[in-house]
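> Sending over a structure as structure tokens; questions will come in a sec.
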Amino acid sequence: MSITALSALALGKKIKAREISVTEATQAAFTRIKAAEPQINSFVTLDEEGALKQAKAVQDKIDRGELDSPLAGVPVAIKDNMCTAGILTTCSSKILSDFTPPYTATAVEQLQNAGAVILGKTNMDEFAMGSTTETSYFGETKNPWNTAHVPGGSSGGSCAAVAAEECFYTLGSDTGGSIRQPSAFCGVTGIKPTYGSVSRYGLIAYGSSLDQIGPIAKDVSDCAAILEVICAHDSKDSTSVLREDTDFTSALTGEVKGMKIGIPTDYFGAGLQPEIKEAVLAAAKTLENQGAIVEEFELGLVDYAIPAYYTIASAEASSNLARFDGIKYGYRSEDYEGLHDMYKKSRSEGFGAEVKRRIMLGSFVLSSGYYDAYYLKALRTKALIKQEFDKAFRMFDVILAPAAPTTAPKLGESLRDPIHMYLGDIYTIAVNLAGLPAISLPCGKDKAGLPIGMQLFGDVFCEKKILRAAYAYEQARSYERSPLARELEG
Amino acid sequence: MSKQYETVIGLEVHVELATKTKIFCSCTTVFGGTPNTHTCPVCTALPGSLPVLNKQVVEYAMAVGLATNCEITPYSKFDRKNYFYPDNPQNYQISQLYLPICRNGGVEIETEGGKKVVGIHEIHMEEDAGKLIHDEWENASLVDFNRSGVPLIEIVSEPDMRSAEEVIAYLDKLRLIIQYLGASDCKLEEGSMRADVNLSIREQGAKEYGTRTEMKNLNSFKAIARAIEGERVRQIELLEEGKSVTQETRRWDDNKESSYAMRSKEDAQDYRYFPEPDLAPIAISPEWIAAVKARQPELRTEKLERYKTEYDIPEYDAKILTGTKKMAEVFEAATAICKKPKKVSNWLMVETLRLQKERNLDAEQIPFSPENLAKLVDLADEGTINSTVAKEVFEQMFDQNVDPESYVAEHGLKTVHDEGELRSIVEEVLANNPESVTDYKNGKEKAIGFLVGQTMKAMKGKANPGMVNQLLKELLAESN
């Protein structure tokens with residue numbers, strides 16, 4: 001087995017045992033990247049020179065015994081909406097296409113402190129708005145399982161990079177499913193942690209009250225180990241929470257006996273691809289066979305999640321993206337007359353269609369006379385959805401659901417009908433509105449050979465429960481590599 | 001003018017708080033500096049940066065609220081006010097709309113018309129913007145973000161004032177309260193206190209308010225008084241002509257003593273306020289309020305009463321002594337050393353005010369230390385120096401903060417009490433001025449004044465004037 005096929009923890013172990021050097025691992029990643037990129041385009045920026053320098057520095061630290069993280073020396077790629085000092089950070093947008101931040105996001109810094117080597121920045125939907133990674137200014141990313149299909153989004157580059165074995169893990173961000181849906185489409189595992197668990201400092205905001213950074217990797221153990229590194233209180237983020245229960249790997253016991261798992265019947269109705277329903281229910285059966293108690297229940301308010309989400313996220317986005325005005329940094333129109341023309345042209349030329357659509361939607365729902373009817377109502381809906389989950393978690397330890405109603409659509413199919421694309425977020429969005437943790441992991445393939453993903457939701461701060469259930473399920477099923485990864489290994 | 005009109009005024013007062021660091025980051029608030037050096041990713045709104053609230057801002061806002069009899073909101077929140085302008089790096093201002101930190105307060109003011117309470121609708125916290133600099137040479141504008149994120153509170157009054165006099169009294173009251181709390185230096189001229197005047201006119205006795213205008217750019221008490229008078233007359237003229245007042249924001253030009261419309265209500269911006277998702281709500285417990293209250297220093301009103309009772313200082317003097325925090329501090333510190341409140345008061349009320357005026361200094365600018373003032377009071381009181389010398393020493397002390405004791409010693413200014421030494425000088429003066437002696441003997445009593453002056457001159461002013469007088473009379477009588 002090649003180096004790139006290793007899980008992050010397996011590589012970390014070999015580095016620690018001096019079987020593989022950090023430089024070797026980094027070089028192996030770049031060899032794979034060079035082979036895979038022409039086919040999938042999962043990176044916006046590569047930093048080979050910087051990565052090799054880091055690799056050497058990290059190796060020195062390991063040799064001096066200064067780094068004991070299980071992830072020390074393991075190469076990583078970062079979604080391009082997290083600031084990295086000295087490395088271009090574009091949000092896959094023209095408006096930030098020349099922006100190099102002077103500082104590094106807290107979560108990235110935490111990984112660096114643990115000895116991560118940063119290979120580059122992964123492609124995404126522009127400003128994380130989209131479900132396919134087709135809205136990127138730098139071109140779409142393609143799915144390593146079938147390059148005629150999208151990888152999902154918005155963290156499509158991150159998930160494709162893991163599936164193509166271009167890196168050992170990545171950081172993604174999840175506002176309405178942006179880690180979990182592309183993880184499902186690419187056959188990898190990703191976690192959206194409880195809101196407030198991972199610092200948002202340095203994450204370029206889309207919907208501030210919903211955004212959360214999380215790990216994407218080949219398996220549950222990797223995700224748990226990465227989460228242990230990035231889940232920490234940060235005084236630079238006022239919404240950051242101080243948690244003491246962050247020894248996530250301790251939850252990976254393989255034991256689910258007596259664990260109560262709820263199946264929300266409203267997530268299995270019309271619109272769900274039958275093969276996905278079968279695969280997720282089969283996964284439920286597997287867990288039941290392992291001793292879990294599986295029951296169906298009605299979650300409620302499911303239909304309201306999408307309108308509430310698109311109202312709140314767009315409202316926050318309309319304000320968050322106001323700072324991109326062509327004045328201080330980023331793209332400025334070449335030709336303008338006066339201040340307002342400069343604003344108008346820079347933003348009209350700098351933002352793509354989907355971003356403009358959400359800025360307009362958000363501005364509208366916040367405008368005088370509409371605020372109560374839309375924004376305030378959406379906030380109330382958000383609170384009610386949280387209450388529905390509170391009720392559910394009085395009955396269940398975790399909730400099992402599909403990650404998306406379909407497997408990865410073909411390239412070019414989704415953007416023609418944005419409403420249809422928005423509806424694809426139906427199973428992921430409620431978790432963000434309620435601030436809950438959720439994991440997405442593979443549970444089969446459809447007839448076309450595209451991966452199917454399932455989700456496990458936990459109550460706030462109950463990452464350990466979902467990790468425990470996910471890990472137990474994973475034991476019954478081995479990690480399946482993407483065709484591209486297998487092909488490139490030759 | 002046939003009808004009787006009433007002027008209705010409400011104020012929006014912005015006060016820059018005296019915190020060391022900005023409201024949402026740890027950059028310094030020190031005034032000036034090379035452009036864009038007091039900045040960081042947060043106050044320049046770099047992508048991905050997040051605000052973290054400075055606790056001192058909350059405590060200052062609470063302190064001002066408590067001192068102006070406001071209710072403190074137990075669960076307060078920040079909101080975003082969205083508008084595009086280059087001095088505002090985020091293109092939204094973090095402010096408070098829905099749940100401001102203080103509400104429903106009021107302060108008592110006193111004018112010639114008597115006492116009244118001006119209600120305070122609310123006090124909210126917000127961030128200041130940067131500064132635009134227009135470069136005429138390059139035909140370009142530059143932005144300096146050093147002021148971006150400096151903490152402000154906005155104190156919104158009820159429309160309770162009826163004249164410029166009341167407005168000035170209200171502003172002065174706020175200024176003193178806030179200065180005494182140490183929450184701001186409240187300098188209108190330097191912009192650390194800024195007032196926008198909302199003014200409307202209605203017929204005497206009317207229940208409904210008239211249409212109001214908002215006046216901006218008022219940089220001194222004088223400008224405020226002039227702007228109020230100007231706007232009052234302008235609105236009455238409109239009404240008299242049968243026209244109506246337009247709701248609009250106007251800018252006062254103090255040089256031209258007139259205002260012009262900046263924007264009307266119709267083109268007022270929709271700020272699309274919504275709760276700031278990057279900041280947690282501020283929960284203020286009764287314990288926290290009690291702690292802030294306990295730290296509250298003695299305010300002006302209490303101090304004034306205490307000066308009257310404890311030091312037996314007349315009301316008028318006590319008002320001046322407490323008129324600035326600095327003056328009160330010097331008074332109390334000097335009094336504590338020399339235990340002569342009336343003498344200290346006298347130096348402050350007369351000579352200090354005189355020299356401040358002559359040297360063009362602000363009321364807060366007292367250049368000498370209370371220790372030195374106390375020494376001077378003692379020197380004069382014990383007769384070590386006479387009053388003429390004392391004034392001279394005071395002036396040195398005022399300008400250079402010299403130590404009066406060393407100054408008097410170095411310059412040999414001690415009053416001469418030695419009768420032998422004095423007697424020989426007086427004898428010399430009498431011998432040199434026979435005409436005056438003759439005049440005196442011929443009944444011109446005034447001539448003695450000239451002789452005293454001559455003696456003092458010979459003594460370089462440091463003689464004890466009582467002794468000089470007595471010796472002169474004695475010697476003149478003897479020579480008879």
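Going by the structure tokens order, chains are called A, B, ..., each with residues numbered from 1, while ligands are numbered from 1 in the order shown.
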Hey, could you make a per-residue contact list for chain A against chain B with 10 Å as the cut-off, showing the nearest pair of atoms and its distance in Å to one decimal, counting only C-alpha atoms, sorted by chain and number, as a Markdown table?


```
| residue | atom | partner | partner_atom | distance |
| --- | --- | --- | --- | --- |
| A:Asn81 | CA | B:Gly48 | CA | 8.3 |
| A:Met82 | CA | B:Gly48 | CA | 7.4 |
| A:Cys83 | CA | B:Gly48 | CA | 6.9 |
| A:Thr89 | CA | B:Pro47 | CA | 9.4 |
| A:Thr90 | CA | B:Pro47 | CA | 10.0 |
| A:Cys91 | CA | B:Pro47 | CA | 9.9 |
| A:Leu96 | CA | B:Pro47 | CA | 9.4 |
| A:Phe99 | CA | B:Pro47 | CA | 9.4 |
| A:Pro101 | CA | B:Leu46 | CA | 7.9 |
| A:Pro102 | CA | B:Pro41 | CA | 8.2 |
| A:Tyr103 | CA | B:Pro41 | CA | 8.0 |
| A:Thr104 | CA | B:Gly48 | CA | 9.4 |
| A:Ala105 | CA | B:Gly48 | CA | 7.6 |
| A:Arg200 | CA | B:Gly48 | CA | 7.6 |
| A:Tyr201 | CA | B:Ser49 | CA | 5.7 |
| A:Gly202 | CA | B:Gly48 | CA | 4.0 |
| A:Leu203 | CA | B:Gly48 | CA | 4.6 |
| A:Ile204 | CA | B:Gly48 | CA | 3.9 |
| A:Ala205 | CA | B:Gly48 | CA | 6.0 |
| A:Tyr206 | CA | B:Gly48 | CA | 9.7 |
| A:Gly207 | CA | B:Pro277 | CA | 8.6 |
| A:Ser208 | CA | B:Pro277 | CA | 5.9 |
| A:Ser209 | CA | B:Pro277 | CA | 5.4 |
| A:Leu210 | CA | B:Pro277 | CA | 9.2 |
| A:Ser235 | CA | B:Val52 | CA | 7.8 |
| A:Lys236 | CA | B:Val52 | CA | 6.3 |
| A:Asp237 | CA | B:Leu50 | CA | 6.1 |
| A:Ser238 | CA | B:Leu279 | CA | 5.6 |
| A:Thr239 | CA | B:Ala280 | CA | 6.3 |
| A:Ser240 | CA | B:Ala280 | CA | 9.6 |
| A:Ala315 | CA | B:Phe274 | CA | 8.6 |
| A:Glu316 | CA | B:Pro277 | CA | 7.9 |
| A:Ser318 | CA | B:Asn82 | CA | 9.4 |
| A:Ser319 | CA | B:Asn82 | CA | 6.8 |
| A:Asn320 | CA | B:Gln90 | CA | 7.8 |
| A:Leu321 | CA | B:Gln90 | CA | 8.6 |
| A:Ala322 | CA | B:Asn91 | CA | 5.6 |
| A:Arg323 | CA | B:Gln90 | CA | 4.6 |
| A:Phe324 | CA | B:Gln90 | CA | 8.3 |
| A:Asp325 | CA | B:Asn91 | CA | 8.4 |
| A:Gly326 | CA | B:Pro86 | CA | 9.9 |
| A:Ile327 | CA | B:Pro86 | CA | 7.2 |
| A:Lys328 | CA | B:Pro89 | CA | 7.8 |
| A:Tyr329 | CA | B:Leu46 | CA | 8.3 |
| A:Gly338 | CA | B:Ala140 | CA | 9.9 |
| A:Leu339 | CA | B:Pro86 | CA | 8.7 |
| A:His340 | CA | B:Phe84 | CA | 9.1 |
| A:Tyr343 | CA | B:Phe84 | CA | 8.7 |
| A:Gly362 | CA | B:Arg272 | CA | 9.7 |
| A:Ser363 | CA | B:Arg272 | CA | 7.3 |
| A:Phe364 | CA | B:Arg272 | CA | 8.8 |
| A:Val365 | CA | B:Arg272 | CA | 8.8 |
| A:Leu366 | CA | B:Arg272 | CA | 5.1 |
| A:Ser367 | CA | B:Arg272 | CA | 5.0 |
| A:Ser368 | CA | B:Asp270 | CA | 6.4 |
| A:Gly369 | CA | B:Arg272 | CA | 9.9 |
| A:Tyr370 | CA | B:Arg272 | CA | 9.8 |
| A:Tyr371 | CA | B:Arg272 | CA | 8.0 |
| A:Tyr375 | CA | B:Phe274 | CA | 8.6 |
| A:Leu376 | CA | B:Phe274 | CA | 9.2 |
```

> May I ask which of the residues A:Tyr169, A:Tyr422, A:Tyr336, A:Tyr471 is the closest one to Ser440 (chain A), counting only C-alpha atoms?

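Closest to Ser440 (chain A) of all the choices is A:Tyr471.
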
> Select, from B:Gly130, B:Thr415, B:Ser76, B:Lys55, the residue with the minimum atom-to-atom distance to Ser387 (chain B), counting only C-alpha atoms.

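Checking each of B:Gly130, B:Thr415, B:Ser76, B:Lys55 against Ser387 (chain B), counting only C-alpha atoms, the winner is B:Thr415.
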
> For the structure I just gave you, how does DSSP split region 216-374 of chain A - specifically, which residues are strand (DSSP E)? Reply as a JSON list (two decimals) with N, CA and C atoms, in the first residue's frame.


```json
[["chain", "number", "residue", "atom", "x", "y", "z"],
["A", 216, "ILE", "N", -12.28, 16.50, 7.93],
["A", 216, "ILE", "CA", -12.71, 15.55, 6.90],
["A", 216, "ILE", "C", -11.54, 14.57, 6.71],
["A", 217, "ALA", "N", -11.82, 13.27, 6.77],
["A", 217, "ALA", "CA", -10.73, 12.29, 6.70],
["A", 217, "ALA", "C", -11.26, 10.97, 6.16],
["A", 260, "LYS", "N", -29.53, 4.21, 22.30],
["A", 260, "LYS", "CA", -30.83, 4.43, 21.64],
["A", 260, "LYS", "C", -30.66, 5.30, 20.40],
["A", 261, "ILE", "N", -31.05, 4.72, 19.27],
["A", 261, "ILE", "CA", -30.88, 5.41, 17.99],
["A", 261, "ILE", "C", -32.26, 5.70, 17.39],
["A", 262, "GLY", "N", -32.50, 6.97, 17.11],
["A", 262, "GLY", "CA", -33.80, 7.37, 16.54],
["A", 262, "GLY", "C", -33.71, 7.51, 15.03],
["A", 263, "ILE", "N", -34.75, 7.03, 14.35],
["A", 263, "ILE", "CA", -34.83, 7.18, 12.89],
["A", 263, "ILE", "C", -35.98, 8.16, 12.61],
["A", 264, "PRO", "N", -35.71, 9.38, 12.17],
["A", 264, "PRO", "CA", -36.80, 10.33, 11.91],
["A", 264, "PRO", "C", -37.53, 9.97, 10.62],
["A", 293, "ILE", "N", -30.51, 0.05, 20.27],
["A", 293, "ILE", "CA", -31.98, 0.01, 20.20],
["A", 293, "ILE", "C", -32.42, 1.04, 19.17],
["A", 294, "VAL", "N", -32.98, 0.60, 18.09],
["A", 294, "VAL", "CA", -33.34, 1.50, 16.99],
["A", 294, "VAL", "C", -34.85, 1.68, 16.94],
["A", 295, "GLU", "N", -35.30, 2.93, 16.92],
["A", 295, "GLU", "CA", -36.73, 3.19, 16.87],
["A", 295, "GLU", "C", -37.02, 4.32, 15.90],
["A", 296, "GLU", "N", -38.20, 4.25, 15.29],
["A", 296, "GLU", "CA", -38.61, 5.35, 14.41],
["A", 296, "GLU", "C", -39.32, 6.42, 15.23],
["A", 297, "PHE", "N", -39.25, 7.64, 14.79],
["A", 297, "PHE", "CA", -40.02, 8.72, 15.44],
["A", 297, "PHE", "C", -40.23, 9.84, 14.44]]
```

> If we count only C-alpha atoms, what is near Met459 (chain B) at a cut-off of 12 Å, once residues fewer than 2 positions away on the same chain are taken out, given as a ChimeraX atom specification?

/B:389,412-418,421-426,428-429,452-457,461-465,468

> Take the residues from that selection and put them in a file with N, CA and C atoms, as an mmCIF file, in the first residue's frame.


```
data_model
loop_
_atom_site.group_PDB
_atom_site.id
_atom_site.type_symbol
_atom_site.label_atom_id
_atom_site.label_comp_id
_atom_site.auth_asym_id
_atom_site.auth_seq_id
_atom_site.Cartn_x
_atom_site.Cartn_y
_atom_site.Cartn_z
ATOM 1 N N VAL B 389 4.949 89.076 47.526
ATOM 2 C CA VAL B 389 5.890 88.019 47.170
ATOM 3 C C VAL B 389 5.133 86.735 46.837
ATOM 4 N N GLY B 412 15.951 84.531 48.142
ATOM 5 C CA GLY B 412 15.996 85.378 49.334
ATOM 6 C C GLY B 412 14.744 86.225 49.511
ATOM 7 N N LEU B 413 13.611 85.571 49.377
ATOM 8 C CA LEU B 413 12.358 86.324 49.393
ATOM 9 C C LEU B 413 11.665 86.345 50.749
ATOM 10 N N LYS B 414 12.296 85.759 51.748
ATOM 11 C CA LYS B 414 11.657 85.717 53.061
ATOM 12 C C LYS B 414 11.447 87.129 53.595
ATOM 13 N N THR B 415 10.341 87.345 54.201
ATOM 14 C CA THR B 415 10.035 88.642 54.792
ATOM 15 C C THR B 415 11.026 88.922 55.920
ATOM 16 N N VAL B 416 11.552 90.180 55.948
ATOM 17 C CA VAL B 416 12.512 90.532 56.996
ATOM 18 C C VAL B 416 11.754 90.971 58.243
ATOM 19 N N HIS B 417 11.964 90.256 59.285
ATOM 20 C CA HIS B 417 11.293 90.575 60.552
ATOM 21 C C HIS B 417 12.270 91.243 61.529
ATOM 22 N N ASP B 418 13.557 91.310 61.120
ATOM 23 C CA ASP B 418 14.614 91.828 61.993
ATOM 24 C C ASP B 418 14.484 93.347 62.102
ATOM 25 N N GLU B 421 17.674 95.647 61.278
ATOM 26 C CA GLU B 421 17.946 95.778 59.847
ATOM 27 C C GLU B 421 16.962 96.740 59.204
ATOM 28 N N LEU B 422 15.689 96.558 59.592
ATOM 29 C CA LEU B 422 14.632 97.402 59.039
ATOM 30 C C LEU B 422 14.849 98.866 59.406
ATOM 31 N N ARG B 423 15.150 99.048 60.697
ATOM 32 C CA ARG B 423 15.297 100.411 61.222
ATOM 33 C C ARG B 423 16.360 101.191 60.432
ATOM 34 N N SER B 424 17.480 100.529 60.128
ATOM 35 C CA SER B 424 18.544 101.248 59.406
ATOM 36 C C SER B 424 18.104 101.617 57.993
ATOM 37 N N ILE B 425 17.329 100.705 57.355
ATOM 38 C CA ILE B 425 16.813 101.019 56.015
ATOM 39 C C ILE B 425 15.857 102.195 56.084
ATOM 40 N N VAL B 426 14.945 102.145 57.065
ATOM 41 C CA VAL B 426 13.943 103.213 57.197
ATOM 42 C C VAL B 426 14.646 104.553 57.440
ATOM 43 N N GLU B 428 17.555 105.409 56.456
ATOM 44 C CA GLU B 428 18.150 105.798 55.191
ATOM 45 C C GLU B 428 17.102 106.425 54.274
ATOM 46 N N VAL B 429 15.916 105.771 54.191
ATOM 47 C CA VAL B 429 14.820 106.283 53.348
ATOM 48 C C VAL B 429 14.422 107.683 53.793
ATOM 49 N N VAL B 452 6.548 104.296 52.655
ATOM 50 C CA VAL B 452 6.415 102.831 52.774
ATOM 51 C C VAL B 452 6.883 102.174 51.476
ATOM 52 N N GLY B 453 6.381 102.717 50.368
ATOM 53 C CA GLY B 453 6.756 102.193 49.050
ATOM 54 C C GLY B 453 8.264 102.201 48.840
ATOM 55 N N GLN B 454 8.900 103.339 49.224
ATOM 56 C CA GLN B 454 10.341 103.455 49.071
ATOM 57 C C GLN B 454 11.071 102.410 49.903
ATOM 58 N N THR B 455 10.573 102.214 51.132
ATOM 59 C CA THR B 455 11.196 101.228 52.015
ATOM 60 C C THR B 455 11.075 99.825 51.412
ATOM 61 N N MET B 456 9.851 99.492 50.957
ATOM 62 C CA MET B 456 9.623 98.157 50.371
ATOM 63 C C MET B 456 10.540 97.964 49.163
ATOM 64 N N LYS B 457 10.667 99.032 48.380
ATOM 65 C CA LYS B 457 11.526 98.963 47.191
ATOM 66 C C LYS B 457 12.972 98.662 47.598
ATOM 67 N N GLY B 461 10.848 94.293 48.398
ATOM 68 C CA GLY B 461 9.495 93.776 48.627
ATOM 69 C C GLY B 461 9.345 92.777 49.743
ATOM 70 N N LYS B 462 10.448 92.384 50.357
ATOM 71 C CA LYS B 462 10.301 91.304 51.320
ATOM 72 C C LYS B 462 10.196 91.763 52.769
ATOM 73 N N ALA B 463 9.951 93.025 52.984
ATOM 74 C CA ALA B 463 9.753 93.507 54.359
ATOM 75 C C ALA B 463 8.355 93.172 54.841
ATOM 76 N N ASN B 464 8.226 93.091 56.126
ATOM 77 C CA ASN B 464 6.905 92.910 56.718
ATOM 78 C C ASN B 464 6.222 94.280 56.714
ATOM 79 N N PRO B 465 5.165 94.439 55.911
ATOM 80 C CA PRO B 465 4.589 95.779 55.725
ATOM 81 C C PRO B 465 4.085 96.414 57.029
ATOM 82 N N VAL B 468 7.081 97.900 58.803
ATOM 83 C CA VAL B 468 7.573 99.093 58.100
ATOM 84 C C VAL B 468 6.740 100.305 58.497
#
```

> Would you give me, as an mmCIF file with C-alpha atoms, in the first residue's frame, the residues in region 325-440 of chain B that DSSP reads as helix (DSSP H, G or I)?


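The resulting part39.cif:
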```
data_model
loop_
_atom_site.group_PDB
_atom_site.id
_atom_site.type_symbol
_atom_site.label_atom_id
_atom_site.label_comp_id
_atom_site.auth_asym_id
_atom_site.auth_seq_id
_atom_site.Cartn_x
_atom_site.Cartn_y
_atom_site.Cartn_z
ATOM 1 C CA LYS B 325 -12.711 67.206 38.202
ATOM 2 C CA LYS B 326 -9.146 68.463 38.074
ATOM 3 C CA MET B 327 -9.905 71.612 40.081
ATOM 4 C CA ALA B 328 -11.672 69.573 42.757
ATOM 5 C CA GLU B 329 -8.777 67.142 42.900
ATOM 6 C CA VAL B 330 -6.219 69.912 43.391
ATOM 7 C CA PHE B 331 -8.405 71.586 45.989
ATOM 8 C CA GLU B 332 -8.863 68.435 48.015
ATOM 9 C CA ALA B 333 -5.268 67.308 47.793
ATOM 10 C CA ALA B 334 -3.853 70.722 48.776
ATOM 11 C CA THR B 335 -6.365 71.084 51.594
ATOM 12 C CA ALA B 336 -5.476 67.662 52.922
ATOM 13 C CA ILE B 337 -1.859 68.796 53.282
ATOM 14 C CA CYS B 338 -2.204 72.330 54.649
ATOM 15 C CA PRO B 341 -9.522 75.013 52.739
ATOM 16 C CA LYS B 342 -10.500 78.659 52.472
ATOM 17 C CA LYS B 343 -6.967 79.817 51.668
ATOM 18 C CA VAL B 344 -6.575 77.020 49.080
ATOM 19 C CA SER B 345 -9.954 77.933 47.631
ATOM 20 C CA ASN B 346 -8.892 81.549 47.399
ATOM 21 C CA TRP B 347 -5.760 80.770 45.413
ATOM 22 C CA LEU B 348 -7.762 78.589 43.042
ATOM 23 C CA MET B 349 -10.695 80.967 42.664
ATOM 24 C CA VAL B 350 -8.652 84.109 42.072
ATOM 25 C CA GLU B 351 -5.094 83.616 40.900
ATOM 26 C CA THR B 352 -5.522 80.239 39.189
ATOM 27 C CA LEU B 353 -8.555 81.326 37.173
ATOM 28 C CA ARG B 354 -6.810 84.599 36.293
ATOM 29 C CA LEU B 355 -3.673 82.892 35.010
ATOM 30 C CA GLN B 356 -5.645 80.180 33.194
ATOM 31 C CA LYS B 357 -7.425 82.954 31.333
ATOM 32 C CA GLU B 358 -4.230 84.891 30.660
ATOM 33 C CA PRO B 370 -1.337 70.383 45.000
ATOM 34 C CA GLU B 371 1.752 69.847 47.197
ATOM 35 C CA ASN B 372 3.302 73.057 45.931
ATOM 36 C CA LEU B 373 0.064 74.973 46.368
ATOM 37 C CA ALA B 374 -0.155 73.743 49.958
ATOM 38 C CA LYS B 375 3.413 74.912 50.600
ATOM 39 C CA LEU B 376 2.654 78.337 49.190
ATOM 40 C CA VAL B 377 -0.467 78.640 51.330
ATOM 41 C CA ASP B 378 1.597 77.807 54.411
ATOM 42 C CA LEU B 379 4.399 80.225 53.502
ATOM 43 C CA ALA B 380 1.941 83.092 53.069
ATOM 44 C CA ASP B 381 -0.194 82.136 56.034
ATOM 45 C CA SER B 387 1.258 88.777 49.908
ATOM 46 C CA THR B 388 3.100 90.581 47.127
ATOM 47 C CA VAL B 389 5.890 88.019 47.170
ATOM 48 C CA ALA B 390 3.322 85.226 47.412
ATOM 49 C CA LYS B 391 1.702 86.344 44.168
ATOM 50 C CA GLU B 392 5.060 86.447 42.462
ATOM 51 C CA VAL B 393 5.937 82.958 43.718
ATOM 52 C CA PHE B 394 2.515 81.686 42.671
ATOM 53 C CA GLU B 395 3.064 82.876 39.142
ATOM 54 C CA GLN B 396 6.406 81.033 39.010
ATOM 55 C CA MET B 397 4.711 77.979 40.424
ATOM 56 C CA PHE B 398 1.868 78.216 37.890
ATOM 57 C CA ASP B 399 4.195 78.520 34.929
ATOM 58 C CA GLN B 400 6.967 76.171 35.986
ATOM 59 C CA PRO B 404 7.705 77.557 46.582
ATOM 60 C CA GLU B 405 9.944 76.763 49.572
ATOM 61 C CA SER B 406 13.115 76.334 47.537
ATOM 62 C CA TYR B 407 12.198 79.219 45.275
ATOM 63 C CA VAL B 408 11.748 81.593 48.232
ATOM 64 C CA ALA B 409 14.998 80.401 49.780
ATOM 65 C CA GLU B 410 17.004 80.602 46.554
ATOM 66 C CA GLU B 419 13.848 95.264 63.488
ATOM 67 C CA GLY B 420 17.485 96.394 63.553
ATOM 68 C CA GLU B 421 17.946 95.778 59.847
ATOM 69 C CA LEU B 422 14.632 97.402 59.039
ATOM 70 C CA ARG B 423 15.297 100.411 61.222
ATOM 71 C CA SER B 424 18.544 101.248 59.406
ATOM 72 C CA ILE B 425 16.813 101.019 56.015
ATOM 73 C CA VAL B 426 13.943 103.213 57.197
ATOM 74 C CA GLU B 427 16.387 105.749 58.547
ATOM 75 C CA GLU B 428 18.150 105.798 55.191
ATOM 76 C CA VAL B 429 14.820 106.283 53.348
ATOM 77 C CA LEU B 430 13.910 109.202 55.627
ATOM 78 C CA ALA B 431 17.316 110.777 55.115
ATOM 79 C CA ASN B 432 17.004 110.460 51.322
ATOM 80 C CA PRO B 434 13.423 115.036 53.221
ATOM 81 C CA GLU B 435 10.588 116.522 51.155
ATOM 82 C CA SER B 436 8.252 113.715 51.983
ATOM 83 C CA VAL B 437 9.201 113.951 55.636
ATOM 84 C CA THR B 438 8.372 117.635 55.553
ATOM 85 C CA ASP B 439 5.103 116.980 53.749
ATOM 86 C CA TYR B 440 4.163 114.448 56.377
#
```

> What is the distance, in Å and to one decimal place, between CA of His14 (chain B) and CA of Pro159 (chain B)?

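Spanning CA of His14 (chain B) to CA of Pro159 (chain B) is a straight-line distance of 16.6 Å.
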
> Please provide the set of residues having any atom within 12 Å of Ala282 (chain A), restricted to only C-alpha atoms, with same-chain residues fewer than 3 positions apart removed, written as a PyMOL selection string.

chain A and resi 263+275-279+285-289+294+400-402+443-444+452+454+473+476-477

> Give me the residues within 9 Å of region 29-41 of chain A as number ranges by chain, counting only C-alpha atoms and dropping any in the same chain fewer than 6 places off.

A: 3-4, 48, 75, 119, 122-123, 138-144, 147, 157, 160-161, 164-168, 484-485, 488-489

> Give me a file of those residues, with C-alpha atoms, as a compact mmCIF listing (two decimals), in the first residue's frame.


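What follows is the written file result-v9.txt:
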```txt
# COMPACT_ATOMS: atom_id res chain seq x y z
CA ILE A 3 1.93 6.16 1.61
CA THR A 4 -0.99 8.24 0.37
CA GLU A 48 5.01 22.88 -2.29
CA PRO A 75 0.20 16.63 5.63
CA LEU A 119 0.06 21.45 1.43
CA THR A 122 -8.76 23.48 -1.34
CA ASN A 123 -11.45 24.56 -3.74
CA PHE A 138 -11.35 28.81 -10.13
CA GLY A 139 -13.45 26.19 -11.89
CA GLU A 140 -15.40 23.24 -10.56
CA THR A 141 -13.91 20.33 -8.65
CA LYS A 142 -14.79 16.85 -9.94
CA ASN A 143 -15.72 13.77 -8.01
CA PRO A 144 -12.89 11.19 -7.69
CA THR A 147 -15.31 12.81 -12.75
CA GLY A 157 -12.33 20.44 -2.83
CA ALA A 160 -12.35 15.26 -3.17
CA ALA A 161 -8.75 15.78 -2.03
CA ALA A 164 -8.29 11.12 -4.22
CA GLU A 165 -5.65 10.62 -1.50
CA GLU A 166 -4.00 13.94 -2.33
CA CYS A 167 -3.69 14.61 1.38
CA PHE A 168 -4.34 12.72 4.58
CA LEU A 484 -9.34 7.58 -8.97
CA ALA A 485 -7.16 6.82 -5.94
CA LEU A 488 -3.47 6.55 -9.81
CA GLU A 489 -1.72 4.06 -7.60
```
